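A.B. asks: Here it is, the structure, as structure tokens.
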Amino acid sequence: MKKHYFFVLFLISNLGFSQVVINELDSDSDSIDNLEFIELKTGSPFQALDGYVVVLFNGSSSGNDSSYFTYDLDGFTTNINGTLVIGSSNVSPVPAGLIFENTIQNGADAVAIYQASFTDFPEGTLATTTNLIDALVYGTGDSDDTNLMNLLGVSVQIDEDQNNNKDFESIARNNNGTYSVGTPTPGALNDGSGIDLNGVSFSIMQNQYNEGDSFNIVFTTETNVTSNLTINFSLVNGTFDAADFTGSTSVVVSSGTNTVTANINLVDDANDEGDEVLLINMGTLPNDFVELNDMEEIRVVDNDFTVAAFGTPLNPTYNVVQSTQPIGYYASLDGLAGNSLEQALQNIIANPNLVRAQTYADVIDILKEADQNPLNSNEVWLVYTEQGKPKLDFQTTSDNSGTWNREHTYPRSRAGYYSIEDDDIADGPTIFWTTNADSLRHGNSDAHALRAADAGENSSRGNQDYGEYTGPVGNQGSFKGDVARCIFYMTIRYNGLQVVVGDPPNSTVGQLGDLNVLLNWHRNDPPDDYEMNRNNVVYTWQKNRNPFIDQPLLVEYIWGNHIGEIWEQLSVFENKLNAISIYPNPTTGKITVSGLPEENTLEIYSLLGKQVLKTSVKTNSTLNLKLSSGLYLVKISSRENSVVKKVVVE
């Protein structure tokens with residue numbers, strides 16, 4: 001967690017500009033910290049920084065005054081004014097050394113320069129004065145971190161919030177080695193001296209275009225150039241390459257002018273590459289010029305997306321997607337009831353010899369496939385808000401507007417699982433943790449219970465029970481059965497999790513409600529093709545399935561109307577001998593049932609176990625089956641006896 005302090009670390013010996021020093025620091029730039037930077041200064045321009053590293057130290061109680069980030073300066077040279085800025089591409093002028101936004105912690109922390117190798121400072125290295133060149137301990141209104149100051153030989157702590165405006169202030173080094181707090185000036189000398197650099201910027205009309213569109217990039221200098229200025233730039237980024245556009249990536253600003261336009265044409269190919277992002281990246285400019293902006297992204301929307309053969313949860317289809325469960329996957333459940341049935345089911349879906357746990361970062365890739373929008377392969381389908389969203393809009397910063405993220409249907413705070421450092425690594429399906437029923441931490445990244453969700457709506461749900469939370473206003477509830485089966489899966493898969501009647505306190509770890517609401521949601525919104533498809537996808541990664549999608553009737557035997565009754569898969573009933581017959585078979589729609597001793601209950605199921613009809617019948621009853629073509633199982637029950645027959649509908 002970021003703390004909000006600043007401390008100046010200023011070495012006991014007064015450093016001159018013959019060495020590299022920390023010239024300016026802005027660690028708390030605004031609400032999302034996307035403008036933070038570190039500025040270094042050398043005693044002469046164009047000084048090579050080979051052999052130096054910048055190390056950031058975490059002064060919080062959990063950070064133990066140890067390193068959390070190291071930046072190798074090998075290959076870098078200060079500019080014509082002897083400065084070098086390290087920061088995100090949002091900073092203007094654009095830093096020579098780029099880091100991700102929100103990297104620099106707010107305090108109590110420290111920035112230090114060492115004459116050393118970056119390998120000397122693996123994460124968690126205690127702050128030291130060995131090979132130390134300069135250091136700054138900082139905070140934003142917090143108590144002095146005296147231990148960190150002592151470790152770095154610093155006697156003064158600087159507060160970036162001295163003027164109660166920390167979001168728009170920085171700590172700047174004065175020529176005498178002291179520090180003052182004022183308006184950030186990245187790339188400029190703090191005393192206002194130095195050579196004025198001509199800033200170069202570019203602009204675009206919009207940040208999204210379709211394949212086949214054309215757009216202009218307008219390059220502008222702050223003042224007219226005195227000789228021709230050649231600007232080279234690149235658009236290549238990830239899968240977006242030179243085959244995806246035409247147009248020159250080199251332009252010339254003519255002497256005496258300050259602007260030039262490049263025209264780019266996006267190629268409309270026939271490949272389903274998915275939406276892509278091009279990156280406008282200016283090349284190296286002459287020494288008396290500086291980039292005011294760079295690394296601008298433009299989304300290129302692919303019009304070659306595919307549409308699935310099955311529907312969205314809003315317009316569900318059934319029996320189009322077939323289960324990929326292995327033959328006999330649930331065979332060990334036959335003849336069991338109660339606790340024995342639950343244990344046997346857990347033995348299947350938590351089998352440590354087969355089941356895999358992936359990282360929380362892997363889940364992003366899993367959801368992009370498992371929750372793919374059936375109407376557009378370049379989108380995910382969002383639970384709760386019931387709409388498609390571009391896969392590229394995954395949330396990567398603290399700003400969740402217009403993005404999607406990973407929703408824990410069984411919330412973290414209610415379950416007690418969490419992330420570890422390795423969870424940040426997406427290493428693919430072939431690298432995994434072994435896991436078992438007691439591996440509750442792995443519930444954090446169990447894709448059977450994680451769904452793609454609108455980031456804002458995910459926050460609105462929080463850790464509420466279902467029933468207390470019913471989705472945004474106006475939703476059609478297409479997610480209700482889906483999330484119910486997620487919760488049922490989790491309570492069987494992991495020891496320590498329960499679904500209970502009523503509304504347990506949100507602080508009660510391991511309990512989620514309300515069971516009766518979830519049972520109704522399950523019954524009224526049965527598994528559809530969308531759910532079966534995601535079950536199949538997750539199975540390829542985790543090697544286990546959500547049994548309540550494959551066999552939805554199991555819910556009734558564990559929590560519902562058949563608690564304590566013996567479970568038998570429908571296939572078992574096929575071999576029972578009896579005098580009952582069904583004809584004609586195959587049928588074009590009508591069937592007659594004969595040989596019944598009394599009034600019976602007749603149920604018809606698809607091969608996936610979905611009930612499609614339930615009614616009462618007497619012997620020689622004729623039924624008009626309004627079913628699509630396929631093979632069905634007809635279960636006829638009388639008192640304690642039942643039998644199952646196959647019927648083919650042509």
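Ligands are numbered from 1 in the order shown, chains are lettered A, B, ... in the order of the structure tokens, and residues start at 1 in each chain.
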Which residues, written as number ranges by chain, have at least one atom at most 7 Å from region 532-540 of chain A, with only C-alpha atoms counted and residues fewer than 6 positions away on the same chain left out?

C.D. replies: A: 321, 323-324, 366, 370-371, 447-448, 546, 549

A.B. asks: Could you pull the residues within 10 Å of region 478-486 of chain A, counting only C-alpha atoms, minus those fewer than 5 positions along the same chain, as a PDB file with N, CA and C atoms, in the first residue's frame?

C.D. replies:
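Contents of selection03.pdb, freshly written:
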```pdb
ATOM      1  N   THR A 312     -26.126 -15.645 -26.699  1.00  0.00           N
ATOM      2  CA  THR A 312     -25.686 -15.005 -25.466  1.00  0.00           C
ATOM      3  C   THR A 312     -26.628 -15.422 -24.339  1.00  0.00           C
ATOM      4  N   PRO A 313     -26.251 -15.155 -23.082  1.00  0.00           N
ATOM      5  CA  PRO A 313     -27.177 -15.438 -21.984  1.00  0.00           C
ATOM      6  C   PRO A 313     -28.507 -14.692 -22.109  1.00  0.00           C
ATOM      7  N   LEU A 314     -28.529 -13.559 -22.817  1.00  0.00           N
ATOM      8  CA  LEU A 314     -29.793 -12.845 -23.014  1.00  0.00           C
ATOM      9  C   LEU A 314     -30.711 -13.569 -23.994  1.00  0.00           C
ATOM     10  N   ASN A 315     -30.120 -14.266 -24.947  1.00  0.00           N
ATOM     11  CA  ASN A 315     -30.876 -15.026 -25.946  1.00  0.00           C
ATOM     12  C   ASN A 315     -30.306 -16.440 -26.004  1.00  0.00           C
ATOM     13  N   PRO A 316     -30.552 -17.212 -24.949  1.00  0.00           N
ATOM     14  CA  PRO A 316     -29.853 -18.486 -24.810  1.00  0.00           C
ATOM     15  C   PRO A 316     -30.297 -19.539 -25.828  1.00  0.00           C
ATOM     16  N   LEU A 382     -20.141  -9.453 -20.528  1.00  0.00           N
ATOM     17  CA  LEU A 382     -20.064  -9.017 -19.145  1.00  0.00           C
ATOM     18  C   LEU A 382     -21.240  -9.539 -18.331  1.00  0.00           C
ATOM     19  N   VAL A 383     -20.918 -10.234 -17.241  1.00  0.00           N
ATOM     20  CA  VAL A 383     -21.945 -10.655 -16.304  1.00  0.00           C
ATOM     21  C   VAL A 383     -22.551  -9.394 -15.679  1.00  0.00           C
ATOM     22  N   TYR A 384     -23.764  -9.484 -15.174  1.00  0.00           N
ATOM     23  CA  TYR A 384     -24.495  -8.382 -14.528  1.00  0.00           C
ATOM     24  C   TYR A 384     -25.015  -7.351 -15.528  1.00  0.00           C
ATOM     25  N   THR A 385     -24.111  -6.695 -16.278  1.00  0.00           N
ATOM     26  CA  THR A 385     -24.570  -5.659 -17.209  1.00  0.00           C
ATOM     27  C   THR A 385     -25.043  -6.250 -18.533  1.00  0.00           C
ATOM     28  N   GLU A 386     -24.793  -7.523 -18.776  1.00  0.00           N
ATOM     29  CA  GLU A 386     -25.369  -8.274 -19.893  1.00  0.00           C
ATOM     30  C   GLU A 386     -25.091  -7.599 -21.243  1.00  0.00           C
ATOM     31  N   HIS A 408     -15.029 -11.894  -8.734  1.00  0.00           N
ATOM     32  CA  HIS A 408     -15.133 -13.099  -7.906  1.00  0.00           C
ATOM     33  C   HIS A 408     -16.601 -13.266  -7.496  1.00  0.00           C
ATOM     34  N   THR A 409     -17.275 -14.245  -8.054  1.00  0.00           N
ATOM     35  CA  THR A 409     -18.672 -14.459  -7.668  1.00  0.00           C
ATOM     36  C   THR A 409     -18.774 -14.804  -6.185  1.00  0.00           C
ATOM     37  N   TYR A 410     -17.817 -15.568  -5.681  1.00  0.00           N
ATOM     38  CA  TYR A 410     -17.683 -15.769  -4.236  1.00  0.00           C
ATOM     39  C   TYR A 410     -16.582 -14.802  -3.805  1.00  0.00           C
ATOM     40  N   ALA A 447     -11.184 -20.170 -12.306  1.00  0.00           N
ATOM     41  CA  ALA A 447     -11.961 -19.527 -13.369  1.00  0.00           C
ATOM     42  C   ALA A 447     -13.406 -19.995 -13.422  1.00  0.00           C
ATOM     43  N   HIS A 448     -13.735 -21.105 -12.794  1.00  0.00           N
ATOM     44  CA  HIS A 448     -15.137 -21.512 -12.752  1.00  0.00           C
ATOM     45  C   HIS A 448     -15.991 -20.523 -11.969  1.00  0.00           C
ATOM     46  N   ALA A 449     -15.368 -19.753 -11.084  1.00  0.00           N
ATOM     47  CA  ALA A 449     -16.120 -18.806 -10.258  1.00  0.00           C
ATOM     48  C   ALA A 449     -15.725 -17.365 -10.506  1.00  0.00           C
ATOM     49  N   LEU A 450     -14.953 -17.117 -11.543  1.00  0.00           N
ATOM     50  CA  LEU A 450     -14.579 -15.756 -11.934  1.00  0.00           C
ATOM     51  C   LEU A 450     -15.246 -15.423 -13.252  1.00  0.00           C
ATOM     52  N   ARG A 451     -15.788 -14.234 -13.356  1.00  0.00           N
ATOM     53  CA  ARG A 451     -16.479 -13.821 -14.576  1.00  0.00           C
ATOM     54  C   ARG A 451     -15.993 -12.458 -15.023  1.00  0.00           C
ATOM     55  N   TYR A 466     -25.807 -12.714  -3.014  1.00  0.00           N
ATOM     56  CA  TYR A 466     -26.781 -12.680  -4.102  1.00  0.00           C
ATOM     57  C   TYR A 466     -28.182 -12.734  -3.491  1.00  0.00           C
ATOM     58  N   GLY A 467     -29.050 -11.938  -4.039  1.00  0.00           N
ATOM     59  CA  GLY A 467     -30.356 -11.689  -3.431  1.00  0.00           C
ATOM     60  C   GLY A 467     -30.347 -10.303  -2.835  1.00  0.00           C
ATOM     61  N   THR A 470     -28.799  -7.900  -6.898  1.00  0.00           N
ATOM     62  CA  THR A 470     -29.554  -8.516  -7.995  1.00  0.00           C
ATOM     63  C   THR A 470     -29.170  -7.952  -9.354  1.00  0.00           C
ATOM     64  N   GLY A 471     -28.072  -7.201  -9.403  1.00  0.00           N
ATOM     65  CA  GLY A 471     -27.634  -6.638 -10.673  1.00  0.00           C
ATOM     66  C   GLY A 471     -28.074  -5.202 -10.838  1.00  0.00           C
ATOM     67  N   THR A 491     -18.424 -24.186  -3.130  1.00  0.00           N
ATOM     68  CA  THR A 491     -18.642 -24.792  -1.816  1.00  0.00           C
ATOM     69  C   THR A 491     -18.300 -26.275  -1.803  1.00  0.00           C
ATOM     70  N   VAL A 499     -22.486 -22.154   1.483  1.00  0.00           N
ATOM     71  CA  VAL A 499     -23.597 -21.297   1.087  1.00  0.00           C
ATOM     72  C   VAL A 499     -24.705 -21.576   2.090  1.00  0.00           C
ATOM     73  N   ASP A 514     -27.728 -15.966  -0.330  1.00  0.00           N
ATOM     74  CA  ASP A 514     -28.707 -16.731   0.400  1.00  0.00           C
ATOM     75  C   ASP A 514     -28.998 -17.997  -0.395  1.00  0.00           C
ATOM     76  N   LEU A 515     -28.968 -19.161   0.274  1.00  0.00           N
ATOM     77  CA  LEU A 515     -29.153 -20.438  -0.389  1.00  0.00           C
ATOM     78  C   LEU A 515     -30.475 -20.510  -1.130  1.00  0.00           C
ATOM     79  N   VAL A 517     -32.346 -18.147  -2.377  1.00  0.00           N
ATOM     80  CA  VAL A 517     -32.305 -17.296  -3.573  1.00  0.00           C
ATOM     81  C   VAL A 517     -31.542 -17.999  -4.682  1.00  0.00           C
ATOM     82  N   LEU A 518     -30.382 -18.563  -4.337  1.00  0.00           N
ATOM     83  CA  LEU A 518     -29.547 -19.212  -5.342  1.00  0.00           C
ATOM     84  C   LEU A 518     -30.221 -20.450  -5.924  1.00  0.00           C
ATOM     85  N   LEU A 519     -30.956 -21.188  -5.101  1.00  0.00           N
ATOM     86  CA  LEU A 519     -31.703 -22.348  -5.612  1.00  0.00           C
ATOM     87  C   LEU A 519     -32.738 -21.905  -6.640  1.00  0.00           C
ATOM     88  N   ASN A 520     -33.452 -20.837  -6.326  1.00  0.00           N
ATOM     89  CA  ASN A 520     -34.454 -20.335  -7.277  1.00  0.00           C
ATOM     90  C   ASN A 520     -33.799 -19.825  -8.553  1.00  0.00           C
ATOM     91  N   TRP A 521     -32.678 -19.133  -8.412  1.00  0.00           N
ATOM     92  CA  TRP A 521     -31.975 -18.654  -9.597  1.00  0.00           C
ATOM     93  C   TRP A 521     -31.524 -19.833 -10.461  1.00  0.00           C
ATOM     94  N   HIS A 522     -31.030 -20.859  -9.824  1.00  0.00           N
ATOM     95  CA  HIS A 522     -30.575 -22.054 -10.552  1.00  0.00           C
ATOM     96  C   HIS A 522     -31.732 -22.711 -11.297  1.00  0.00           C
ATOM     97  N   ARG A 523     -32.871 -22.830 -10.638  1.00  0.00           N
ATOM     98  CA  ARG A 523     -34.009 -23.514 -11.254  1.00  0.00           C
ATOM     99  C   ARG A 523     -34.618 -22.700 -12.393  1.00  0.00           C
ATOM    100  N   ASN A 524     -34.655 -21.402 -12.226  1.00  0.00           N
ATOM    101  CA  ASN A 524     -35.321 -20.553 -13.213  1.00  0.00           C
ATOM    102  C   ASN A 524     -34.422 -20.145 -14.378  1.00  0.00           C
ATOM    103  N   ASP A 525     -33.133 -20.341 -14.236  1.00  0.00           N
ATOM    104  CA  ASP A 525     -32.184 -19.999 -15.310  1.00  0.00           C
ATOM    105  C   ASP A 525     -31.246 -21.186 -15.501  1.00  0.00           C
ATOM    106  N   PRO A 526     -31.702 -22.245 -16.183  1.00  0.00           N
ATOM    107  CA  PRO A 526     -30.904 -23.472 -16.326  1.00  0.00           C
ATOM    108  C   PRO A 526     -29.680 -23.245 -17.206  1.00  0.00           C
ATOM    109  N   PRO A 527     -28.707 -24.153 -17.132  1.00  0.00           N
ATOM    110  CA  PRO A 527     -27.490 -24.005 -17.953  1.00  0.00           C
ATOM    111  C   PRO A 527     -27.824 -23.958 -19.439  1.00  0.00           C
ATOM    112  N   ASP A 528     -27.181 -23.040 -20.145  1.00  0.00           N
ATOM    113  CA  ASP A 528     -27.385 -22.908 -21.586  1.00  0.00           C
ATOM    114  C   ASP A 528     -26.072 -23.194 -22.302  1.00  0.00           C
ATOM    115  N   TYR A 530     -23.984 -21.108 -23.648  1.00  0.00           N
ATOM    116  CA  TYR A 530     -22.918 -20.195 -23.236  1.00  0.00           C
ATOM    117  C   TYR A 530     -22.181 -20.760 -22.024  1.00  0.00           C
ATOM    118  N   GLU A 531     -22.936 -21.234 -21.047  1.00  0.00           N
ATOM    119  CA  GLU A 531     -22.322 -21.793 -19.847  1.00  0.00           C
ATOM    120  C   GLU A 531     -21.579 -23.081 -20.143  1.00  0.00           C
ATOM    121  N   ASN A 546     -17.349 -27.711 -13.785  1.00  0.00           N
ATOM    122  CA  ASN A 546     -18.416 -27.352 -12.859  1.00  0.00           C
ATOM    123  C   ASN A 546     -19.524 -28.382 -13.056  1.00  0.00           C
ATOM    124  N   PRO A 547     -19.691 -29.296 -12.095  1.00  0.00           N
ATOM    125  CA  PRO A 547     -20.649 -30.394 -12.286  1.00  0.00           C
ATOM    126  C   PRO A 547     -22.096 -29.928 -12.365  1.00  0.00           C
ATOM    127  N   PHE A 548     -22.379 -28.733 -11.848  1.00  0.00           N
ATOM    128  CA  PHE A 548     -23.764 -28.261 -11.817  1.00  0.00           C
ATOM    129  C   PHE A 548     -24.190 -27.655 -13.149  1.00  0.00           C
ATOM    130  N   ILE A 549     -23.231 -27.541 -14.072  1.00  0.00           N
ATOM    131  CA  ILE A 549     -23.553 -27.227 -15.462  1.00  0.00           C
ATOM    132  C   ILE A 549     -23.774 -28.517 -16.233  1.00  0.00           C
ATOM    133  N   PRO A 552     -27.133 -30.534 -13.819  1.00  0.00           N
ATOM    134  CA  PRO A 552     -27.808 -29.542 -12.968  1.00  0.00           C
ATOM    135  C   PRO A 552     -28.688 -30.153 -11.882  1.00  0.00           C
ATOM    136  N   VAL A 555     -27.750 -30.338  -7.977  1.00  0.00           N
ATOM    137  CA  VAL A 555     -28.043 -29.284  -7.009  1.00  0.00           C
ATOM    138  C   VAL A 555     -29.173 -29.708  -6.080  1.00  0.00           C
TER     139      VAL A 555
END
```

A.B. asks: Tell me which protein, DNA and RNA residues are within 12 Å of Asp120 (chain A), counting only C-alpha atoms, leaving out same-chain ones fewer than 2 positions away, and put them as a ChimeraX atom specification.

C.D. replies: /A:51-55,67,69-72,114-118,122-128,130-131

A.B. asks: Could you give me, as a PyMOL selection string, the residues within 10 Å of Asp365 (chain A), counting only C-alpha atoms and dropping anything in the same chain fewer than 4 positions from it?

C.D. replies: chain A and resi 360-361+369-371+391+426+428-429

A.B. asks: Show me, as an mmCIF file with C-alpha atoms, in the first residue's frame, the residues that have an atom within 10 Å of His562 (chain A) when counting only C-alpha atoms, minus same-chain residues fewer than 5 positions from it.

C.D. replies:
```cif
data_model
loop_
_atom_site.group_PDB
_atom_site.id
_atom_site.type_symbol
_atom_site.label_atom_id
_atom_site.label_comp_id
_atom_site.auth_asym_id
_atom_site.auth_seq_id
_atom_site.Cartn_x
_atom_site.Cartn_y
_atom_site.Cartn_z
ATOM 1 C CA ALA A 337 -26.429 -39.792 -1.196
ATOM 2 C CA GLY A 338 -25.899 -37.028 1.355
ATOM 3 C CA LEU A 553 -30.029 -32.017 -11.065
ATOM 4 C CA LEU A 554 -27.149 -32.598 -8.644
ATOM 5 C CA VAL A 555 -28.043 -29.284 -7.009
ATOM 6 C CA GLU A 556 -31.343 -30.765 -5.821
ATOM 7 C CA TYR A 557 -29.610 -33.816 -4.320
ATOM 8 C CA TRP A 567 -28.124 -40.274 -7.018
#
```

A.B. asks: Within region 522-610 of chain A, find each residue whose DSSP state, derived from the backbone, is strand (DSSP E), and express the selection as a list of chain:residue names.

C.D. replies: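 Listing strand (DSSP E) positions across region 522-610 of chain A yields A:Ser581, A:Ile582, A:Tyr583, A:Lys590, A:Ile591, A:Thr592, A:Val593, A:Ser594, A:Asn600, A:Thr601, A:Leu602, A:Glu603, A:Ile604, A:Tyr605, A:Ser606.
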
A.B. asks: Residues at most 10 Å from Phe432 (chain A), counting only C-alpha atoms, excluding those fewer than 6 positions away in the same chain, as a list in words?

C.D. replies: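 Using only C-alpha atoms, the neighbours found are Val355, Arg356, Ala357, Gln358, Thr359, Asp362, Trp541 and Gln542 of chain A.
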
A.B. asks: Go through A:Asp334, A:Asp438, A:Glu291, A:Glu421 and flag the residue nearest Glu565 (chain A), using only C-alpha atoms for the distances.

C.D. replies: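 Counting only C-alpha atoms, the residue closest to Glu565 (chain A) is A:Asp334.
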
A.B. asks: From the DSSP assignment of the backbone, select every residue of region 410-537 of chain A that is helix (DSSP H, G or I), and format the answer as a PyMOL selection string.

C.D. replies: chain A and resi 412-415+421-424+440-445+447-449+455-461+480-493+515-524+529-537
